[in-house]
>>> print(open('coords_21.pdb').read())   # PDB, N, CA and C atoms
MODEL        1
ATOM      1  N   MET Y   1      57.205 -54.415   3.970
ATOM      2  CA  MET Y   1      56.892 -53.834   2.677
ATOM      3  C   MET Y   1      56.003 -52.600   2.830
ATOM      4  N   LYS Y   2      55.047 -52.640   3.767
ATOM      5  CA  LYS Y   2      54.169 -51.501   3.955
ATOM      6  C   LYS Y   2      54.931 -50.287   4.474
ATOM      7  N   GLU Y   3      55.945 -50.515   5.295
ATOM      8  CA  GLU Y   3      56.697 -49.391   5.844
ATOM      9  C   GLU Y   3      57.401 -48.613   4.744
ATOM     10  N   SER Y   4      57.959 -49.314   3.774
ATOM     11  CA  SER Y   4      58.646 -48.605   2.699
ATOM     12  C   SER Y   4      57.648 -47.798   1.866
ATOM     13  N   THR Y   5      56.440 -48.317   1.698
ATOM     14  CA  THR Y   5      55.404 -47.579   0.975
ATOM     15  C   THR Y   5      54.996 -46.345   1.765
ATOM     16  N   LEU Y   6      54.890 -46.478   3.067
ATOM     17  CA  LEU Y   6      54.539 -45.353   3.918
ATOM     18  C   LEU Y   6      55.610 -44.267   3.842
ATOM     19  N   PHE Y   7      56.850 -44.675   3.959
ATOM     20  CA  PHE Y   7      57.945 -43.697   3.902
ATOM     21  C   PHE Y   7      58.053 -43.060   2.523
ATOM     22  N   SER Y   8      57.778 -43.834   1.507
ATOM     23  CA  SER Y   8      57.807 -43.287   0.150
ATOM     24  C   SER Y   8      56.730 -42.218  -0.017
ATOM     25  N   GLY Y   9      55.545 -42.488   0.507
ATOM     26  CA  GLY Y   9      54.464 -41.502   0.439
ATOM     27  C   GLY Y   9      54.785 -40.251   1.227
ATOM     28  N   MET Y  10      55.383 -40.435   2.395
ATOM     29  CA  MET Y  10      55.770 -39.276   3.213
ATOM     30  C   MET Y  10      56.847 -38.462   2.505
ATOM     31  N   ARG Y  11      57.804 -39.138   1.889
ATOM     32  CA  ARG Y  11      58.875 -38.443   1.179
ATOM     33  C   ARG Y  11      58.305 -37.616   0.018
ATOM     34  N   THR Y  12      57.337 -38.191  -0.701
ATOM     35  CA  THR Y  12      56.702 -37.471  -1.802
ATOM     36  C   THR Y  12      55.964 -36.241  -1.282
ATOM     37  N   TYR Y  13      55.209 -36.407  -0.212
ATOM     38  CA  TYR Y  13      54.445 -35.306   0.380
ATOM     39  C   TYR Y  13      55.383 -34.197   0.856
ATOM     40  N   LEU Y  14      56.440 -34.562   1.564
ATOM     41  CA  LEU Y  14      57.389 -33.560   2.053
ATOM     42  C   LEU Y  14      58.110 -32.866   0.907
ATOM     43  N   GLY Y  15      58.365 -33.582  -0.163
ATOM     44  CA  GLY Y  15      58.981 -32.969  -1.338
ATOM     45  C   GLY Y  15      58.078 -31.921  -1.966
ATOM     46  N   LYS Y  16      56.784 -32.208  -2.010
ATOM     47  CA  LYS Y  16      55.828 -31.236  -2.562
ATOM     48  C   LYS Y  16      55.748 -29.997  -1.681
ATOM     49  N   ILE Y  17      55.748 -30.190  -0.366
ATOM     50  CA  ILE Y  17      55.732 -29.045   0.551
ATOM     51  C   ILE Y  17      56.986 -28.202   0.365
ATOM     52  N   ARG Y  18      58.134 -28.841   0.246
ATOM     53  CA  ARG Y  18      59.390 -28.121   0.045
ATOM     54  C   ARG Y  18      59.347 -27.313  -1.251
ATOM     55  N   THR Y  19      58.791 -27.910  -2.309
ATOM     56  CA  THR Y  19      58.678 -27.213  -3.587
ATOM     57  C   THR Y  19      57.776 -25.988  -3.465
ATOM     58  N   LEU Y  20      56.635 -26.131  -2.800
ATOM     59  CA  LEU Y  20      55.717 -24.999  -2.624
ATOM     60  C   LEU Y  20      56.365 -23.870  -1.816
ATOM     61  N   ARG Y  21      57.110 -24.222  -0.763
ATOM     62  CA  ARG Y  21      57.790 -23.208   0.039
ATOM     63  C   ARG Y  21      58.853 -22.484  -0.780
ATOM     64  N   ASN Y  22      59.604 -23.232  -1.594
ATOM     65  CA  ASN Y  22      60.628 -22.604  -2.423
ATOM     66  C   ASN Y  22      60.016 -21.672  -3.464
ATOM     67  N   GLU Y  23      58.907 -22.089  -4.077
ATOM     68  CA  GLU Y  23      58.234 -21.227  -5.043
ATOM     69  C   GLU Y  23      57.712 -19.958  -4.386
ATOM     70  N   SER Y  24      57.138 -20.090  -3.200
ATOM     71  CA  SER Y  24      56.625 -18.937  -2.474
ATOM     72  C   SER Y  24      57.754 -17.970  -2.125
ATOM     73  N   ARG Y  25      58.862 -18.502  -1.660
ATOM     74  CA  ARG Y  25      60.016 -17.675  -1.310
ATOM     75  C   ARG Y  25      60.560 -16.938  -2.546
ATOM     76  N   THR Y  26      60.605 -17.631  -3.676
ATOM     77  CA  THR Y  26      61.092 -17.013  -4.906
ATOM     78  C   THR Y  26      60.169 -15.895  -5.363
ATOM     79  N   ARG Y  27      58.860 -16.135  -5.293
ATOM     80  CA  ARG Y  27      57.902 -15.087  -5.685
ATOM     81  C   ARG Y  27      58.035 -13.855  -4.786
ATOM     82  N   ARG Y  28      58.179 -14.068  -3.471
ATOM     83  CA  ARG Y  28      58.359 -12.938  -2.556
ATOM     84  C   ARG Y  28      59.623 -12.165  -2.900
ATOM     85  N   LEU Y  29      60.694 -12.871  -3.191
ATOM     86  CA  LEU Y  29      61.953 -12.225  -3.552
ATOM     87  C   LEU Y  29      61.786 -11.388  -4.812
ATOM     88  N   LEU Y  30      61.160 -11.946  -5.825
ATOM     89  CA  LEU Y  30      60.966 -11.219  -7.080
ATOM     90  C   LEU Y  30      60.044 -10.013  -6.900
ATOM     91  N   CYS Y  31      59.028 -10.151  -6.080
ATOM     92  CA  CYS Y  31      58.097  -9.039  -5.860
ATOM     93  C   CYS Y  31      58.739  -7.905  -5.075
ATOM     94  N   ASN Y  32      59.787  -8.180  -4.332
ATOM     95  CA  ASN Y  32      60.451  -7.147  -3.545
ATOM     96  C   ASN Y  32      61.594  -6.472  -4.292
ATOM     97  N   LEU Y  33      61.866  -6.903  -5.512
ATOM     98  CA  LEU Y  33      62.883  -6.231  -6.317
ATOM     99  C   LEU Y  33      62.349  -4.874  -6.765
ATOM    100  N   PRO Y  34      63.226  -3.917  -7.054
ATOM    101  CA  PRO Y  34      62.765  -2.631  -7.590
ATOM    102  C   PRO Y  34      61.985  -2.838  -8.893
ATOM    103  N   LEU Y  35      61.021  -1.963  -9.138
ATOM    104  CA  LEU Y  35      60.170  -2.106 -10.317
ATOM    105  C   LEU Y  35      60.969  -2.102 -11.618
ATOM    106  N   SER Y  36      62.037  -1.320 -11.683
ATOM    107  CA  SER Y  36      62.838  -1.288 -12.907
ATOM    108  C   SER Y  36      63.489  -2.648 -13.176
ATOM    109  N   VAL Y  37      63.934  -3.308 -12.137
ATOM    110  CA  VAL Y  37      64.543  -4.637 -12.299
ATOM    111  C   VAL Y  37      63.475  -5.652 -12.676
ATOM    112  N   GLN Y  38      62.306  -5.557 -12.047
ATOM    113  CA  GLN Y  38      61.210  -6.464 -12.390
ATOM    114  C   GLN Y  38      60.850  -6.322 -13.867
ATOM    115  N   LYS Y  39      60.810  -5.104 -14.345
ATOM    116  CA  LYS Y  39      60.475  -4.864 -15.744
ATOM    117  C   LYS Y  39      61.543  -5.460 -16.661
ATOM    118  N   ASP Y  40      62.816  -5.294 -16.281
ATOM    119  CA  ASP Y  40      63.912  -5.818 -17.104
ATOM    120  C   ASP Y  40      63.864  -7.339 -17.228
ATOM    121  N   ILE Y  41      63.477  -8.028 -16.181
ATOM    122  CA  ILE Y  41      63.454  -9.490 -16.225
ATOM    123  C   ILE Y  41      62.091 -10.038 -16.649
ATOM    124  N   GLY Y  42      61.126  -9.138 -16.888
ATOM    125  CA  GLY Y  42      59.811  -9.578 -17.346
ATOM    126  C   GLY Y  42      58.910 -10.083 -16.244
ATOM    127  N   TRP Y  43      59.111  -9.572 -15.052
ATOM    128  CA  TRP Y  43      58.279  -9.971 -13.912
ATOM    129  C   TRP Y  43      57.351  -8.835 -13.568
ATOM    130  N   PRO Y  44      56.140  -9.007 -13.219
ATOM    131  CA  PRO Y  44      55.430 -10.276 -13.216
ATOM    132  C   PRO Y  44      54.900 -10.584 -14.602
ATOM    133  N   ASP Y  45      54.777 -11.830 -14.878
ATOM    134  CA  ASP Y  45      54.169 -12.274 -16.110
ATOM    135  C   ASP Y  45      52.675 -11.986 -16.017
ATOM    136  N   ARG Y  46      52.011 -11.957 -17.122
ATOM    137  CA  ARG Y  46      50.575 -11.668 -17.124
ATOM    138  C   ARG Y  46      49.810 -12.621 -16.205
ATOM    139  N   ASP Y  47      50.221 -13.885 -16.166
ATOM    140  CA  ASP Y  47      49.529 -14.880 -15.351
ATOM    141  C   ASP Y  47      49.892 -14.777 -13.872
ATOM    142  N   ASP Y  48      50.925 -14.012 -13.528
ATOM    143  CA  ASP Y  48      51.387 -13.939 -12.147
ATOM    144  C   ASP Y  48      50.872 -12.706 -11.406
ATOM    145  N   ASP Y  49      49.973 -11.932 -11.997
ATOM    146  CA  ASP Y  49      49.469 -10.729 -11.333
ATOM    147  C   ASP Y  49      48.790 -11.044 -10.009
ATOM    148  N   ARG Y  50      48.076 -12.129  -9.926
ATOM    149  CA  ARG Y  50      47.381 -12.461  -8.675
ATOM    150  C   ARG Y  50      48.367 -12.742  -7.560
ATOM    151  N   PHE Y  51      49.536 -13.323  -7.877
ATOM    152  CA  PHE Y  51      50.537 -13.582  -6.861
ATOM    153  C   PHE Y  51      51.193 -12.286  -6.394
ATOM    154  N   ARG Y  52      51.399 -11.370  -7.301
ATOM    155  CA  ARG Y  52      52.016 -10.103  -6.948
ATOM    156  C   ARG Y  52      51.156  -9.341  -5.946
ATOM    157  N   ARG Y  53      49.855  -9.343  -6.158
ATOM    158  CA  ARG Y  53      48.958  -8.653  -5.222
ATOM    159  C   ARG Y  53      49.022  -9.268  -3.837
ATOM    160  N   ASN Y  54      49.218 -10.586  -3.770
ATOM    161  CA  ASN Y  54      49.252 -11.259  -2.473
ATOM    162  C   ASN Y  54      50.517 -10.969  -1.688
ATOM    163  N   PHE Y  55      51.604 -10.646  -2.340
ATOM    164  CA  PHE Y  55      52.878 -10.494  -1.655
ATOM    165  C   PHE Y  55      53.275  -9.044  -1.434
ATOM    166  N   ARG Y  56      52.541  -8.101  -1.911
ATOM    167  CA  ARG Y  56      52.893  -6.681  -1.731
ATOM    168  C   ARG Y  56      52.326  -6.161  -0.442
TER
ENDMDL
END
>>> encode(input="coords_21.pdb", output="C-alpha cells")
Amino acid sequence: MKESTLFSGMRTYLGKIRTLRNESRTRRLLCNLPLSVQKDIGWPDRDDDRFRRNFR
C-alpha cells in the first residue's frame, strides 16, 4: 500500500514539473514572436511583463 502512495506522489510531482516546463517553453515562444504579432494576440498581458523581461 505504501508503494502505491509513493508512486502516486512521484507522479504528481513529475506532472507539476512537466507543467512548469511547458509553461516556460510557451512563454519563450510567445516572447520570441515579432512585436506586431504579440500585439495582435494581446501578449504580453499586463501581469506577464516580469516574464517577458526574463526571456528577452
>>> atom_distance(input="coords_21.pdb", atom1="atom C of Gly42 of chain Y", atom2="atom C of Asn22 of chain Y")
17.3 Å
>>> axis_aligned_box(input="coords_21.pdb", around="segment 6-9 of chain Y", padding_each_side="5 Å", output="lines of an AutoDock Vina configuration file")
center_x = 56.3
center_y = -43.4
center_z = 2.0
size_x = 13.6
size_y = 16.2
size_z = 14.0
>>> residues_near_point(input="coords_21.pdb", point="(57.7, -9.2, -9.7)", cutoff="8 Å", atoms="all atoms listed in the file", output="short mmCIF file (atom, residue, chain, number, x, y, z; two decimals) with N, CA and C atoms, in the frame of the given file")
data_model
loop_
_atom_site.label_atom_id
_atom_site.label_comp_id
_atom_site.auth_asym_id
_atom_site.auth_seq_id
_atom_site.Cartn_x
_atom_site.Cartn_y
_atom_site.Cartn_z
N ARG Y 27 58.86 -16.14 -5.29
CA ARG Y 27 57.90 -15.09 -5.68
C ARG Y 27 58.04 -13.86 -4.79
N ARG Y 28 58.18 -14.07 -3.47
CA ARG Y 28 58.36 -12.94 -2.56
C ARG Y 28 59.62 -12.16 -2.90
N LEU Y 29 60.69 -12.87 -3.19
CA LEU Y 29 61.95 -12.22 -3.55
C LEU Y 29 61.79 -11.39 -4.81
N LEU Y 30 61.16 -11.95 -5.82
CA LEU Y 30 60.97 -11.22 -7.08
C LEU Y 30 60.04 -10.01 -6.90
N CYS Y 31 59.03 -10.15 -6.08
CA CYS Y 31 58.10 -9.04 -5.86
C CYS Y 31 58.74 -7.90 -5.08
N ASN Y 32 59.79 -8.18 -4.33
CA ASN Y 32 60.45 -7.15 -3.54
C ASN Y 32 61.59 -6.47 -4.29
N LEU Y 33 61.87 -6.90 -5.51
CA LEU Y 33 62.88 -6.23 -6.32
C LEU Y 33 62.35 -4.87 -6.76
N PRO Y 34 63.23 -3.92 -7.05
CA PRO Y 34 62.76 -2.63 -7.59
C PRO Y 34 61.98 -2.84 -8.89
N LEU Y 35 61.02 -1.96 -9.14
CA LEU Y 35 60.17 -2.11 -10.32
C LEU Y 35 60.97 -2.10 -11.62
N VAL Y 37 63.93 -3.31 -12.14
CA VAL Y 37 64.54 -4.64 -12.30
C VAL Y 37 63.48 -5.65 -12.68
N GLN Y 38 62.31 -5.56 -12.05
CA GLN Y 38 61.21 -6.46 -12.39
C GLN Y 38 60.85 -6.32 -13.87
N LYS Y 39 60.81 -5.10 -14.34
CA LYS Y 39 60.48 -4.86 -15.74
C LYS Y 39 61.54 -5.46 -16.66
N GLY Y 42 61.13 -9.14 -16.89
CA GLY Y 42 59.81 -9.58 -17.35
C GLY Y 42 58.91 -10.08 -16.24
N TRP Y 43 59.11 -9.57 -15.05
CA TRP Y 43 58.28 -9.97 -13.91
C TRP Y 43 57.35 -8.84 -13.57
N PRO Y 44 56.14 -9.01 -13.22
CA PRO Y 44 55.43 -10.28 -13.22
C PRO Y 44 54.90 -10.58 -14.60
N ASP Y 45 54.78 -11.83 -14.88
CA ASP Y 45 54.17 -12.27 -16.11
C ASP Y 45 52.68 -11.99 -16.02
N ASP Y 48 50.92 -14.01 -13.53
CA ASP Y 48 51.39 -13.94 -12.15
C ASP Y 48 50.87 -12.71 -11.41
N PHE Y 51 49.54 -13.32 -7.88
CA PHE Y 51 50.54 -13.58 -6.86
C PHE Y 51 51.19 -12.29 -6.39
N ARG Y 52 51.40 -11.37 -7.30
CA ARG Y 52 52.02 -10.10 -6.95
C ARG Y 52 51.16 -9.34 -5.95
#
>>> atom_distance(input="coords_21.pdb", atom1="atom N of Leu6 of chain Y", atom2="atom CA of Glu23 of chain Y")
26.7 Å
>>> atom_distance(input="coords_21.pdb", atom1="atom CA of Gly9 of chain Y", atom2="atom CA of Arg25 of chain Y")
24.5 Å
>>> decode(input="coords_21.pdb", residues="segment 6-49 of chain Y", atoms="N, CA and C atoms", output="PDB file, in the first residue's frame")
ATOM      1  N   LEU Y   6       3.636   6.168  -2.648  1.00  0.00           N
ATOM      2  CA  LEU Y   6       4.899   6.753  -3.066  1.00  0.00           C
ATOM      3  C   LEU Y   6       4.878   7.067  -4.561  1.00  0.00           C
ATOM      4  N   PHE Y   7       4.434   6.113  -5.341  1.00  0.00           N
ATOM      5  CA  PHE Y   7       4.382   6.327  -6.794  1.00  0.00           C
ATOM      6  C   PHE Y   7       3.369   7.402  -7.164  1.00  0.00           C
ATOM      7  N   SER Y   8       2.290   7.456  -6.429  1.00  0.00           N
ATOM      8  CA  SER Y   8       1.290   8.492  -6.684  1.00  0.00           C
ATOM      9  C   SER Y   8       1.876   9.876  -6.416  1.00  0.00           C
ATOM     10  N   GLY Y   9       2.620  10.001  -5.328  1.00  0.00           N
ATOM     11  CA  GLY Y   9       3.264  11.278  -5.014  1.00  0.00           C
ATOM     12  C   GLY Y   9       4.300  11.661  -6.048  1.00  0.00           C
ATOM     13  N   MET Y  10       5.064  10.676  -6.501  1.00  0.00           N
ATOM     14  CA  MET Y  10       6.073  10.947  -7.536  1.00  0.00           C
ATOM     15  C   MET Y  10       5.398  11.361  -8.840  1.00  0.00           C
ATOM     16  N   ARG Y  11       4.307  10.698  -9.189  1.00  0.00           N
ATOM     17  CA  ARG Y  11       3.590  11.030 -10.418  1.00  0.00           C
ATOM     18  C   ARG Y  11       3.055  12.468 -10.360  1.00  0.00           C
ATOM     19  N   THR Y  12       2.531  12.859  -9.195  1.00  0.00           N
ATOM     20  CA  THR Y  12       2.031  14.221  -9.026  1.00  0.00           C
ATOM     21  C   THR Y  12       3.168  15.230  -9.169  1.00  0.00           C
ATOM     22  N   TYR Y  13       4.288  14.960  -8.526  1.00  0.00           N
ATOM     23  CA  TYR Y  13       5.449  15.853  -8.578  1.00  0.00           C
ATOM     24  C   TYR Y  13       5.962  15.983 -10.011  1.00  0.00           C
ATOM     25  N   LEU Y  14       6.109  14.865 -10.703  1.00  0.00           N
ATOM     26  CA  LEU Y  14       6.592  14.905 -12.086  1.00  0.00           C
ATOM     27  C   LEU Y  14       5.606  15.614 -13.003  1.00  0.00           C
ATOM     28  N   GLY Y  15       4.329  15.479 -12.729  1.00  0.00           N
ATOM     29  CA  GLY Y  15       3.323  16.194 -13.511  1.00  0.00           C
ATOM     30  C   GLY Y  15       3.441  17.699 -13.344  1.00  0.00           C
ATOM     31  N   LYS Y  16       3.717  18.136 -12.122  1.00  0.00           N
ATOM     32  CA  LYS Y  16       3.892  19.574 -11.872  1.00  0.00           C
ATOM     33  C   LYS Y  16       5.136  20.098 -12.579  1.00  0.00           C
ATOM     34  N   ILE Y  17       6.218  19.326 -12.548  1.00  0.00           N
ATOM     35  CA  ILE Y  17       7.438  19.733 -13.254  1.00  0.00           C
ATOM     36  C   ILE Y  17       7.173  19.833 -14.750  1.00  0.00           C
ATOM     37  N   ARG Y  18       6.469  18.867 -15.307  1.00  0.00           N
ATOM     38  CA  ARG Y  18       6.147  18.883 -16.733  1.00  0.00           C
ATOM     39  C   ARG Y  18       5.317  20.117 -17.085  1.00  0.00           C
ATOM     40  N   THR Y  19       4.355  20.455 -16.221  1.00  0.00           N
ATOM     41  CA  THR Y  19       3.523  21.633 -16.453  1.00  0.00           C
ATOM     42  C   THR Y  19       4.363  22.909 -16.435  1.00  0.00           C
ATOM     43  N   LEU Y  20       5.261  23.037 -15.465  1.00  0.00           N
ATOM     44  CA  LEU Y  20       6.120  24.225 -15.383  1.00  0.00           C
ATOM     45  C   LEU Y  20       7.024  24.351 -16.614  1.00  0.00           C
ATOM     46  N   ARG Y  21       7.579  23.227 -17.082  1.00  0.00           N
ATOM     47  CA  ARG Y  21       8.426  23.257 -18.271  1.00  0.00           C
ATOM     48  C   ARG Y  21       7.627  23.666 -19.503  1.00  0.00           C
ATOM     49  N   ASN Y  22       6.403  23.146 -19.632  1.00  0.00           N
ATOM     50  CA  ASN Y  22       5.573  23.507 -20.776  1.00  0.00           C
ATOM     51  C   ASN Y  22       5.195  24.985 -20.752  1.00  0.00           C
ATOM     52  N   GLU Y  23       4.866  25.510 -19.571  1.00  0.00           N
ATOM     53  CA  GLU Y  23       4.548  26.930 -19.461  1.00  0.00           C
ATOM     54  C   GLU Y  23       5.748  27.796 -19.811  1.00  0.00           C
ATOM     55  N   SER Y  24       6.924  27.408 -19.342  1.00  0.00           N
ATOM     56  CA  SER Y  24       8.140  28.153 -19.636  1.00  0.00           C
ATOM     57  C   SER Y  24       8.430  28.148 -21.135  1.00  0.00           C
ATOM     58  N   ARG Y  25       8.287  27.000 -21.758  1.00  0.00           N
ATOM     59  CA  ARG Y  25       8.519  26.879 -23.197  1.00  0.00           C
ATOM     60  C   ARG Y  25       7.527  27.749 -23.988  1.00  0.00           C
ATOM     61  N   THR Y  26       6.274  27.761 -23.554  1.00  0.00           N
ATOM     62  CA  THR Y  26       5.262  28.568 -24.231  1.00  0.00           C
ATOM     63  C   THR Y  26       5.562  30.052 -24.098  1.00  0.00           C
ATOM     64  N   ARG Y  27       5.960  30.476 -22.899  1.00  0.00           N
ATOM     65  CA  ARG Y  27       6.303  31.894 -22.701  1.00  0.00           C
ATOM     66  C   ARG Y  27       7.491  32.301 -23.577  1.00  0.00           C
ATOM     67  N   ARG Y  28       8.518  31.445 -23.652  1.00  0.00           N
ATOM     68  CA  ARG Y  28       9.669  31.747 -24.509  1.00  0.00           C
ATOM     69  C   ARG Y  28       9.238  31.866 -25.963  1.00  0.00           C
ATOM     70  N   LEU Y  29       8.383  30.971 -26.408  1.00  0.00           N
ATOM     71  CA  LEU Y  29       7.893  31.008 -27.784  1.00  0.00           C
ATOM     72  C   LEU Y  29       7.145  32.307 -28.053  1.00  0.00           C
ATOM     73  N   LEU Y  30       6.260  32.686 -27.158  1.00  0.00           N
ATOM     74  CA  LEU Y  30       5.486  33.914 -27.342  1.00  0.00           C
ATOM     75  C   LEU Y  30       6.375  35.156 -27.301  1.00  0.00           C
ATOM     76  N   CYS Y  31       7.371  35.154 -26.446  1.00  0.00           N
ATOM     77  CA  CYS Y  31       8.264  36.313 -26.345  1.00  0.00           C
ATOM     78  C   CYS Y  31       9.152  36.456 -27.571  1.00  0.00           C
ATOM     79  N   ASN Y  32       9.366  35.392 -28.311  1.00  0.00           N
ATOM     80  CA  ASN Y  32      10.212  35.450 -29.497  1.00  0.00           C
ATOM     81  C   ASN Y  32       9.432  35.749 -30.771  1.00  0.00           C
ATOM     82  N   LEU Y  33       8.121  35.887 -30.668  1.00  0.00           N
ATOM     83  CA  LEU Y  33       7.331  36.274 -31.834  1.00  0.00           C
ATOM     84  C   LEU Y  33       7.599  37.740 -32.155  1.00  0.00           C
ATOM     85  N   PRO Y  34       7.408  38.155 -33.404  1.00  0.00           N
ATOM     86  CA  PRO Y  34       7.550  39.577 -33.739  1.00  0.00           C
ATOM     87  C   PRO Y  34       6.586  40.428 -32.904  1.00  0.00           C
ATOM     88  N   LEU Y  35       6.998  41.652 -32.610  1.00  0.00           N
ATOM     89  CA  LEU Y  35       6.189  42.524 -31.762  1.00  0.00           C
ATOM     90  C   LEU Y  35       4.794  42.764 -32.333  1.00  0.00           C
ATOM     91  N   SER Y  36       4.674  42.852 -33.650  1.00  0.00           N
ATOM     92  CA  SER Y  36       3.356  43.074 -34.245  1.00  0.00           C
ATOM     93  C   SER Y  36       2.420  41.893 -33.971  1.00  0.00           C
ATOM     94  N   VAL Y  37       2.949  40.696 -34.016  1.00  0.00           N
ATOM     95  CA  VAL Y  37       2.132  39.507 -33.733  1.00  0.00           C
ATOM     96  C   VAL Y  37       1.781  39.460 -32.254  1.00  0.00           C
ATOM     97  N   GLN Y  38       2.743  39.793 -31.397  1.00  0.00           N
ATOM     98  CA  GLN Y  38       2.470  39.823 -29.959  1.00  0.00           C
ATOM     99  C   GLN Y  38       1.345  40.810 -29.657  1.00  0.00           C
ATOM    100  N   LYS Y  39       1.378  41.950 -30.298  1.00  0.00           N
ATOM    101  CA  LYS Y  39       0.347  42.959 -30.078  1.00  0.00           C
ATOM    102  C   LYS Y  39      -1.014  42.445 -30.545  1.00  0.00           C
ATOM    103  N   ASP Y  40      -1.032  41.769 -31.701  1.00  0.00           N
ATOM    104  CA  ASP Y  40      -2.296  41.250 -32.238  1.00  0.00           C
ATOM    105  C   ASP Y  40      -2.936  40.219 -31.312  1.00  0.00           C
ATOM    106  N   ILE Y  41      -2.143  39.399 -30.664  1.00  0.00           N
ATOM    107  CA  ILE Y  41      -2.700  38.361 -29.797  1.00  0.00           C
ATOM    108  C   ILE Y  41      -2.828  38.822 -28.345  1.00  0.00           C
ATOM    109  N   GLY Y  42      -2.402  40.063 -28.065  1.00  0.00           N
ATOM    110  CA  GLY Y  42      -2.538  40.596 -26.713  1.00  0.00           C
ATOM    111  C   GLY Y  42      -1.464  40.134 -25.756  1.00  0.00           C
ATOM    112  N   TRP Y  43      -0.301  39.839 -26.290  1.00  0.00           N
ATOM    113  CA  TRP Y  43       0.821  39.402 -25.453  1.00  0.00           C
ATOM    114  C   TRP Y  43       1.831  40.518 -25.376  1.00  0.00           C
ATOM    115  N   PRO Y  44       2.466  40.810 -24.313  1.00  0.00           N
ATOM    116  CA  PRO Y  44       2.241  40.223 -23.002  1.00  0.00           C
ATOM    117  C   PRO Y  44       1.087  40.919 -22.306  1.00  0.00           C
ATOM    118  N   ASP Y  45       0.437  40.198 -21.469  1.00  0.00           N
ATOM    119  CA  ASP Y  45      -0.605  40.758 -20.640  1.00  0.00           C
ATOM    120  C   ASP Y  45       0.062  41.647 -19.597  1.00  0.00           C
ATOM    121  N   ARG Y  46      -0.680  42.519 -19.006  1.00  0.00           N
ATOM    122  CA  ARG Y  46      -0.114  43.426 -18.004  1.00  0.00           C
ATOM    123  C   ARG Y  46       0.593  42.658 -16.888  1.00  0.00           C
ATOM    124  N   ASP Y  47       0.040  41.514 -16.494  1.00  0.00           N
ATOM    125  CA  ASP Y  47       0.618  40.730 -15.406  1.00  0.00           C
ATOM    126  C   ASP Y  47       1.833  39.920 -15.853  1.00  0.00           C
ATOM    127  N   ASP Y  48       2.077  39.816 -17.157  1.00  0.00           N
ATOM    128  CA  ASP Y  48       3.162  38.984 -17.662  1.00  0.00           C
ATOM    129  C   ASP Y  48       4.421  39.780 -18.001  1.00  0.00           C
ATOM    130  N   ASP Y  49       4.472  41.066 -17.681  1.00  0.00           N
ATOM    131  CA  ASP Y  49       5.649  41.872 -18.007  1.00  0.00           C
ATOM    132  C   ASP Y  49       6.915  41.335 -17.355  1.00  0.00           C
TER     133      ASP Y  49
END
